[in-house]
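Chemist: Supplied in structure tokens, the structure appears directly below.
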Amino acid sequence: MSYIEVNKTKCIGCNKCVEVCNYDAIKVVNGKAVIDYNLCTLCGACVKACPVDAIVIAQVEKKIDLSNYKGIWVIIEYFDGELKNTGFQLVSKANELARASKDAVTAVLVGNTEPAEDELKKIFSEYGVRNVKAVYHKDFTRLITEDASEVLSAQIAQDKPKIVLFLGTIFGRTLAPQVATRVQTGLTADCTELEINERNNLLQIRPTYGGKVLATIETPYSCPQMASVRPNVFVEEKMPIMIEEVKIEKVPVKKRSFISVKNLKKVLMIEESDDIFETPVEEAKVVYCIGLGVGSKEGFDAVANFARQNGAVVAATRGVVDEGWADISQQVGQTGVTIRPELYVSFGVSGAIHHIIGIKNSRKIVAINKDFRAPIFKIADYCIVADLFEVIEKMKNYSLALQ
Ligand SMILES: Cc1cc2nc3c(=O)[nH]c(=O)nc-3n(C[C@H](O)[C@H](O)[C@H](O)COP(=O)(O)OP(=O)(O)OC[C@H]3O[C@@H](n4cnc5c(N)ncnc54)[C@H](O)[C@@H]3O)c2cc1C
């Protein structure tokens with residue numbers, strides 16, 4: 001653990017540290033620098049600016065008794081009365097880990113909704129979850145998660161779970177690092193596999209170096225051990241128990257209101273465009289995936305428009321994302337998202353192994369490619385060997401004929 005200290009004997013009250021502090025965390029009082037530990041982020045700017053080396057940041061070894069930490073928590077977002085369904089994939093994985101580590105699984109709902117107890121008991125009994133905690137406050141939001149992270153971190157510090165798992169959604173990706181910082185532990189983001197080893201520690205496995213290497217990360221000296229996992233990496237598995245066995249605990253939030261947005265020094269702009277919460281690729285039931293075969297940005301836009309008219313969510317290959325035609329959040333595959341839609345249709349996608357990894361569990365795969373040797377045909381349920389633009393014209397005519 002790091003801490004910062006001012007050596008009062010050396011300090012000359014020159015104000016240099018005050019000038020460089022971006023967080024207003026230092027004042028000179030009676031000729032000596034005084035640090036506000038609530039505001040200080042340990043960024044070290046003052047240490048560098050001090051002409052007499054009066055400010056130091058030092059490390060102290062944090063000794064914690066790991067045997068006090070028990071249980072696996074799965075954080076699930078619960079906003080506006082809706083549970084994030086992909087959370088049950090993580091719950092199912094947690095059940096598997098719990099069998100190996102002999103721990104209990106707790107689902108921790110975080111959001112702005114008071115839990116509907118009967119409904120939640122029924123849902124969680126299907127997944128074998130006996131303990132459900134609800135951490136909620138009407139002011140919690142999906143995009144600005146400081147408040148939720150404050151409350152959740154305090155609960156973690158009190159209850160001491162051994163493992164905490166987050167879903168890699170917009171909310172989870174924002175919340176998890178804030179919680180990790182507050183409870184002073186590590187976090188492995190975007191894991192593709194989780195295991196328990198012989199020391200009963202969580203192994204956090206994820207691709208690194210652009211997907212070329214699989215790294216296995218163990219956190220043996222700090223707790224909780226934390227990881228996030230993208231939706232659709234794990235499979236949902238039901239494990240029914242009696243409804244009466246499920247206990248819902250409402251975690252009281254003492255503060256009556258949160259004003260973290262107002263407290264922020266500068267809000268640049270939060271633009272809630274129509275598509276910010278548009279169905280993400282990993283949650284879509286119908287995905288049209290666009291590959292380099294479309295030939296240009298114009299070709300991409302034409303197929304993307306066609307997809308939207310058909311109610312499909314647009315995904316892309318890495319080649320297309322590298323060209324700048326699509327956003328990285330749309331990339332499917334080893335270094336993108338993993339999807340399991342009811343229907344996946346590819347337009348000019350070759351089917352490289354790095355791409356197939358992310359789509360192979362789709363329920364029905366339709367591939368359109370003008371080269372009959374394209375590897376995607378090996379896993380497709382329906383293979384259309386043709387020019388993709390001609391196929392689209394035929395599909396348009398077909399849907400017109402149906403109207
Ligand atoms: C470490 C690593 C990680 C990677 N991660 C990912 C990943 O997450 N996701 C991913 O997608 N890729 C990933 N890749 C890249 C991957 O290997 C392929 O290069 C990429 O998927 C190819 O994209 P594509 O199919 O769009 O393009 P191409 O391979 O160029 O295929 C284009 C296809 O379009 C067809 N075509 C051309 N014109 C037409 C037409 N008019 N009508 C019909 N068909 C046509 C062609 O026959 C061809 O098969 C990764 C690579 C590496 C090395």
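How things are named: the first chain in the structure tokens is A, the next is B, and so on; residues count from 1 in each chain; ligands count from 1 in the order shown.
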Would you pick out the contacts of range 145-155 of chain A at 8 Å or less, using only C-alpha atoms, so that residues sharing its chain but fewer than 6 positions from it are not included, and give the list as a PyMOL selection string?

Modeler: chain A and resi 110-111+135-136+171+174-176+178-179+182-183+253+258+260

Chemist: Produce a file of the selected residues containing C-alpha atoms, as a JSON list (two decimals), in the first residue's frame.

Modeler:
```
[["chain", "number", "residue", "atom", "x", "y", "z"],
["A", 110, "VAL", "CA", -26.27, -3.28, -8.12],
["A", 111, "GLY", "CA", -28.59, -0.65, -9.56],
["A", 135, "VAL", "CA", -27.13, -2.81, -3.29],
["A", 136, "TYR", "CA", -29.35, -0.10, -4.73],
["A", 171, "PHE", "CA", -21.49, -0.65, -16.41],
["A", 174, "THR", "CA", -16.59, 1.16, -15.45],
["A", 175, "LEU", "CA", -17.45, -0.12, -11.99],
["A", 176, "ALA", "CA", -14.87, -2.92, -11.62],
["A", 178, "GLN", "CA", -13.12, 1.72, -9.35],
["A", 179, "VAL", "CA", -13.95, -1.00, -6.85],
["A", 182, "ARG", "CA", -11.00, 1.35, -3.47],
["A", 183, "VAL", "CA", -10.46, -2.10, -1.96],
["A", 253, "VAL", "CA", -27.41, 2.57, 1.75],
["A", 258, "PHE", "CA", -25.54, 11.06, -4.05],
["A", 260, "SER", "CA", -21.14, 12.66, -7.55]]
```

Chemist: DSSP on the backbone, then: every residue of range 131-362 of chain A marked alpha helix (DSSP H), written as a PyMOL selection string.

Modeler: chain A and resi 146-159+170-182+260-263+297-309+318-322+353-356

Chemist: Give me a file of those residues, with C-alpha atoms, as a PDB file, in the first residue's frame.

Modeler:
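Dumped everything to part18.pdb:
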```
ATOM      1  CA  GLU A 146     -18.549   6.403  -8.452  1.00  0.00           C
ATOM      2  CA  ASP A 147     -21.467   6.235  -6.031  1.00  0.00           C
ATOM      3  CA  ALA A 148     -22.203   2.569  -6.634  1.00  0.00           C
ATOM      4  CA  SER A 149     -18.498   1.742  -6.370  1.00  0.00           C
ATOM      5  CA  GLU A 150     -18.282   3.557  -3.027  1.00  0.00           C
ATOM      6  CA  VAL A 151     -21.156   1.549  -1.520  1.00  0.00           C
ATOM      7  CA  LEU A 152     -20.130  -1.761  -3.080  1.00  0.00           C
ATOM      8  CA  SER A 153     -16.519  -1.331  -1.936  1.00  0.00           C
ATOM      9  CA  ALA A 154     -17.618  -0.684   1.636  1.00  0.00           C
ATOM     10  CA  GLN A 155     -19.726  -3.854   1.506  1.00  0.00           C
ATOM     11  CA  ILE A 156     -16.793  -5.841   0.139  1.00  0.00           C
ATOM     12  CA  ALA A 157     -14.522  -4.494   2.894  1.00  0.00           C
ATOM     13  CA  GLN A 158     -17.100  -5.567   5.469  1.00  0.00           C
ATOM     14  CA  ASP A 159     -18.150  -8.996   4.120  1.00  0.00           C
ATOM     15  CA  ILE A 170     -20.426  -0.715 -20.066  1.00  0.00           C
ATOM     16  CA  PHE A 171     -21.489  -0.649 -16.406  1.00  0.00           C
ATOM     17  CA  GLY A 172     -19.255  -3.526 -15.288  1.00  0.00           C
ATOM     18  CA  ARG A 173     -16.208  -2.229 -17.123  1.00  0.00           C
ATOM     19  CA  THR A 174     -16.594   1.162 -15.447  1.00  0.00           C
ATOM     20  CA  LEU A 175     -17.449  -0.118 -11.991  1.00  0.00           C
ATOM     21  CA  ALA A 176     -14.871  -2.916 -11.618  1.00  0.00           C
ATOM     22  CA  PRO A 177     -11.646  -0.840 -11.743  1.00  0.00           C
ATOM     23  CA  GLN A 178     -13.116   1.722  -9.346  1.00  0.00           C
ATOM     24  CA  VAL A 179     -13.947  -1.005  -6.853  1.00  0.00           C
ATOM     25  CA  ALA A 180     -10.513  -2.615  -7.312  1.00  0.00           C
ATOM     26  CA  THR A 181      -8.842   0.711  -6.520  1.00  0.00           C
ATOM     27  CA  ARG A 182     -10.995   1.352  -3.475  1.00  0.00           C
ATOM     28  CA  SER A 260     -21.141  12.656  -7.546  1.00  0.00           C
ATOM     29  CA  VAL A 261     -21.956  14.142 -10.949  1.00  0.00           C
ATOM     30  CA  LYS A 262     -22.113  17.612  -9.395  1.00  0.00           C
ATOM     31  CA  ASN A 263     -18.935  16.919  -7.473  1.00  0.00           C
ATOM     32  CA  LYS A 297     -16.778   2.194 -46.439  1.00  0.00           C
ATOM     33  CA  GLU A 298     -19.674   2.831 -48.849  1.00  0.00           C
ATOM     34  CA  GLY A 299     -20.128  -0.908 -49.257  1.00  0.00           C
ATOM     35  CA  PHE A 300     -20.054  -1.286 -45.469  1.00  0.00           C
ATOM     36  CA  ASP A 301     -22.695   1.433 -44.979  1.00  0.00           C
ATOM     37  CA  ALA A 302     -24.963  -0.116 -47.612  1.00  0.00           C
ATOM     38  CA  VAL A 303     -24.885  -3.532 -45.905  1.00  0.00           C
ATOM     39  CA  ALA A 304     -25.204  -1.949 -42.435  1.00  0.00           C
ATOM     40  CA  ASN A 305     -28.346  -0.048 -43.517  1.00  0.00           C
ATOM     41  CA  PHE A 306     -29.779  -3.217 -44.970  1.00  0.00           C
ATOM     42  CA  ALA A 307     -29.047  -4.996 -41.662  1.00  0.00           C
ATOM     43  CA  ARG A 308     -30.824  -2.343 -39.594  1.00  0.00           C
ATOM     44  CA  GLN A 309     -33.852  -2.409 -41.922  1.00  0.00           C
ATOM     45  CA  ARG A 318     -11.170  -7.164 -37.391  1.00  0.00           C
ATOM     46  CA  GLY A 319     -10.177  -6.310 -40.958  1.00  0.00           C
ATOM     47  CA  VAL A 320     -13.192  -4.007 -41.222  1.00  0.00           C
ATOM     48  CA  VAL A 321     -12.498  -2.421 -37.829  1.00  0.00           C
ATOM     49  CA  ASP A 322      -8.834  -1.894 -38.785  1.00  0.00           C
ATOM     50  CA  ILE A 353      -9.990 -18.983 -36.998  1.00  0.00           C
ATOM     51  CA  HIS A 354      -9.664 -15.750 -34.963  1.00  0.00           C
ATOM     52  CA  HIS A 355     -13.131 -14.778 -36.181  1.00  0.00           C
ATOM     53  CA  ILE A 356     -14.746 -18.234 -35.918  1.00  0.00           C
TER      54      ILE A 356
END
```

Chemist: Name each residue within 8 Å of ligand 1, counting only C-alpha atoms and all ligand atoms, as a PyMOL selection string.

Modeler: chain A and resi 209-212+290-295+316-320+331-337+347-356+358+368-372+374-375+385-389

Chemist: Tell me which of A:Asn7, A:Gln204, A:Asn38, A:Ser329 sits closest to Ile26 in chain A, counting only C-alpha atoms.

Modeler: A:Asn38

Chemist: Can you work out which one of A:Val29, A:Cys191, A:Ile196, A:Val47 has the shortest atom-to-atom distance to Ala215 in chain A, counting only C-alpha atoms?

Modeler: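 Closest to Ala215 in chain A, using only C-alpha atoms: A:Cys191.
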
Chemist: Give the answer as one residue: which of A:Met395, A:Val20, A:Ala100, A:Leu187 has the shortest atom-to-atom distance to Val229 in chain A, using only C-alpha atoms?

Modeler: A:Leu187

Chemist: For Ser101 in chain A, which residue among A:Ile376, A:Met226, A:Leu202, A:Val251 is the nearest when counting only C-alpha atoms?

Modeler: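 Looking only at the distances to Ser101 in chain A, the closest residue turns out to be A:Leu202.
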
Chemist: When you look at Lys84 in chain A with a cut-off of 10 Å (counting only C-alpha atoms), what residues show up, excluding the ones that are within fewer than 4 positions of it in the same chain? I need them as a list in words.

Modeler: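 The contact residues come out as Ile76, Glu77, Tyr78, Phe79, Phe88, Leu109, Leu167 and Thr169 of chain A.
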
Chemist: Take the selection from the previous step and output its residues with C-alpha atoms, as a JSON list (two decimals), in the first residue's frame.

Modeler:
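See result-v9.json below for the written result:
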```json
[["chain", "number", "residue", "atom", "x", "y", "z"],
["A", 76, "ILE", "CA", -25.17, -8.18, -11.75],
["A", 77, "GLU", "CA", -26.60, -4.86, -12.88],
["A", 78, "TYR", "CA", -30.22, -4.21, -11.94],
["A", 79, "PHE", "CA", -31.50, -0.97, -13.40],
["A", 88, "PHE", "CA", -26.58, -15.73, -15.35],
["A", 109, "LEU", "CA", -27.44, -6.85, -7.65],
["A", 167, "LEU", "CA", -19.63, -8.72, -16.36],
["A", 169, "THR", "CA", -20.71, -4.53, -19.95]]
```

Chemist: Please report the interatomic distance between CA of Thr219 in chain A and CA of Thr185 in chain A in Å with one decimal.

Modeler: 8.7 Å

Chemist: Closest to Ala104 in chain A among A:Lys162, A:Lys122, A:Lys8, A:Lys394, using only C-alpha atoms?

Modeler: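 Closest candidate: A:Lys162.
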
Chemist: Leaving out Ser362 in chain A and any residue of its chain fewer than 4 positions from it, which residues lie within 10 Å of it when counting only C-alpha atoms, given as a PDB file with N, CA and C atoms, in the first residue's frame?

Modeler:
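Writing the result to result_9.pdb gives the following:
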```
ATOM      1  N   LYS A 285     -30.087 -10.847 -30.919  1.00  0.00           N
ATOM      2  CA  LYS A 285     -30.623 -12.156 -31.337  1.00  0.00           C
ATOM      3  C   LYS A 285     -30.283 -12.417 -32.812  1.00  0.00           C
ATOM      4  N   VAL A 286     -30.250 -11.328 -33.613  1.00  0.00           N
ATOM      5  CA  VAL A 286     -29.899 -11.472 -35.037  1.00  0.00           C
ATOM      6  C   VAL A 286     -28.718 -10.559 -35.333  1.00  0.00           C
ATOM      7  N   VAL A 287     -27.636 -11.138 -35.827  1.00  0.00           N
ATOM      8  CA  VAL A 287     -26.420 -10.360 -36.120  1.00  0.00           C
ATOM      9  C   VAL A 287     -26.066 -10.524 -37.592  1.00  0.00           C
ATOM     10  N   THR A 338     -17.537 -12.145 -28.059  1.00  0.00           N
ATOM     11  CA  THR A 338     -18.034 -13.483 -28.397  1.00  0.00           C
ATOM     12  C   THR A 338     -19.553 -13.390 -28.454  1.00  0.00           C
ATOM     13  N   ILE A 339     -20.143 -13.983 -29.489  1.00  0.00           N
ATOM     14  CA  ILE A 339     -21.608 -13.840 -29.614  1.00  0.00           C
ATOM     15  C   ILE A 339     -22.294 -15.210 -29.704  1.00  0.00           C
ATOM     16  N   ARG A 340     -23.560 -15.224 -29.323  1.00  0.00           N
ATOM     17  CA  ARG A 340     -24.377 -16.445 -29.422  1.00  0.00           C
ATOM     18  C   ARG A 340     -25.764 -16.078 -29.914  1.00  0.00           C
ATOM     19  N   PRO A 341     -25.888 -15.440 -31.078  1.00  0.00           N
ATOM     20  CA  PRO A 341     -27.238 -15.038 -31.517  1.00  0.00           C
ATOM     21  C   PRO A 341     -28.038 -16.240 -32.021  1.00  0.00           C
ATOM     22  N   GLU A 342     -29.332 -16.000 -32.203  1.00  0.00           N
ATOM     23  CA  GLU A 342     -30.171 -17.032 -32.829  1.00  0.00           C
ATOM     24  C   GLU A 342     -29.781 -17.185 -34.294  1.00  0.00           C
ATOM     25  N   LEU A 343     -29.438 -16.031 -34.923  1.00  0.00           N
ATOM     26  CA  LEU A 343     -29.083 -16.059 -36.346  1.00  0.00           C
ATOM     27  C   LEU A 343     -27.879 -15.150 -36.603  1.00  0.00           C
ATOM     28  N   TYR A 344     -26.844 -15.709 -37.249  1.00  0.00           N
ATOM     29  CA  TYR A 344     -25.665 -14.937 -37.639  1.00  0.00           C
ATOM     30  C   TYR A 344     -25.564 -15.039 -39.155  1.00  0.00           C
ATOM     31  N   VAL A 345     -25.530 -13.891 -39.841  1.00  0.00           N
ATOM     32  CA  VAL A 345     -25.376 -13.900 -41.303  1.00  0.00           C
ATOM     33  C   VAL A 345     -24.110 -13.122 -41.640  1.00  0.00           C
ATOM     34  N   GLY A 358     -15.266 -16.482 -32.131  1.00  0.00           N
ATOM     35  CA  GLY A 358     -16.288 -15.607 -31.540  1.00  0.00           C
ATOM     36  C   GLY A 358     -17.702 -15.863 -32.013  1.00  0.00           C
ATOM     37  N   ALA A 380     -20.735 -23.142 -41.525  1.00  0.00           N
ATOM     38  CA  ALA A 380     -22.041 -22.528 -41.797  1.00  0.00           C
ATOM     39  C   ALA A 380     -23.133 -23.591 -41.939  1.00  0.00           C
TER      40      ALA A 380
END
```

Chemist: Rounded to one decimal place, report the CA of Glu236 in chain A-CA of Asn95 in chain A distance in Å.

Modeler: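 Straight-line distance from CA of Glu236 in chain A to CA of Asn95 in chain A works out to 10.6 Å.
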
Chemist: Enter the distance from CA of Pro240 in chain A to CA of Glu195 in chain A, in Å, rounded to one decimal.

Modeler: 22.9 Å

Chemist: Return the single residue from A:Val108, A:Leu39, A:Ala33, A:Ile241 that is closest to Thr9 in chain A, with distances computed using only C-alpha atoms.

Modeler: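 Comparing A:Val108, A:Leu39, A:Ala33, A:Ile241 against Thr9 in chain A, the winner is A:Ala33.
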
Chemist: List every residue of range 207-358 of chain A that DSSP, applied to the backbone of this structure, assigns to strand (DSSP E or B), and report them as number ranges by chain.

Modeler: A: 207-208, 213-218, 225-229, 247-251, 286-290, 313-316, 331-332, 337, 343-347
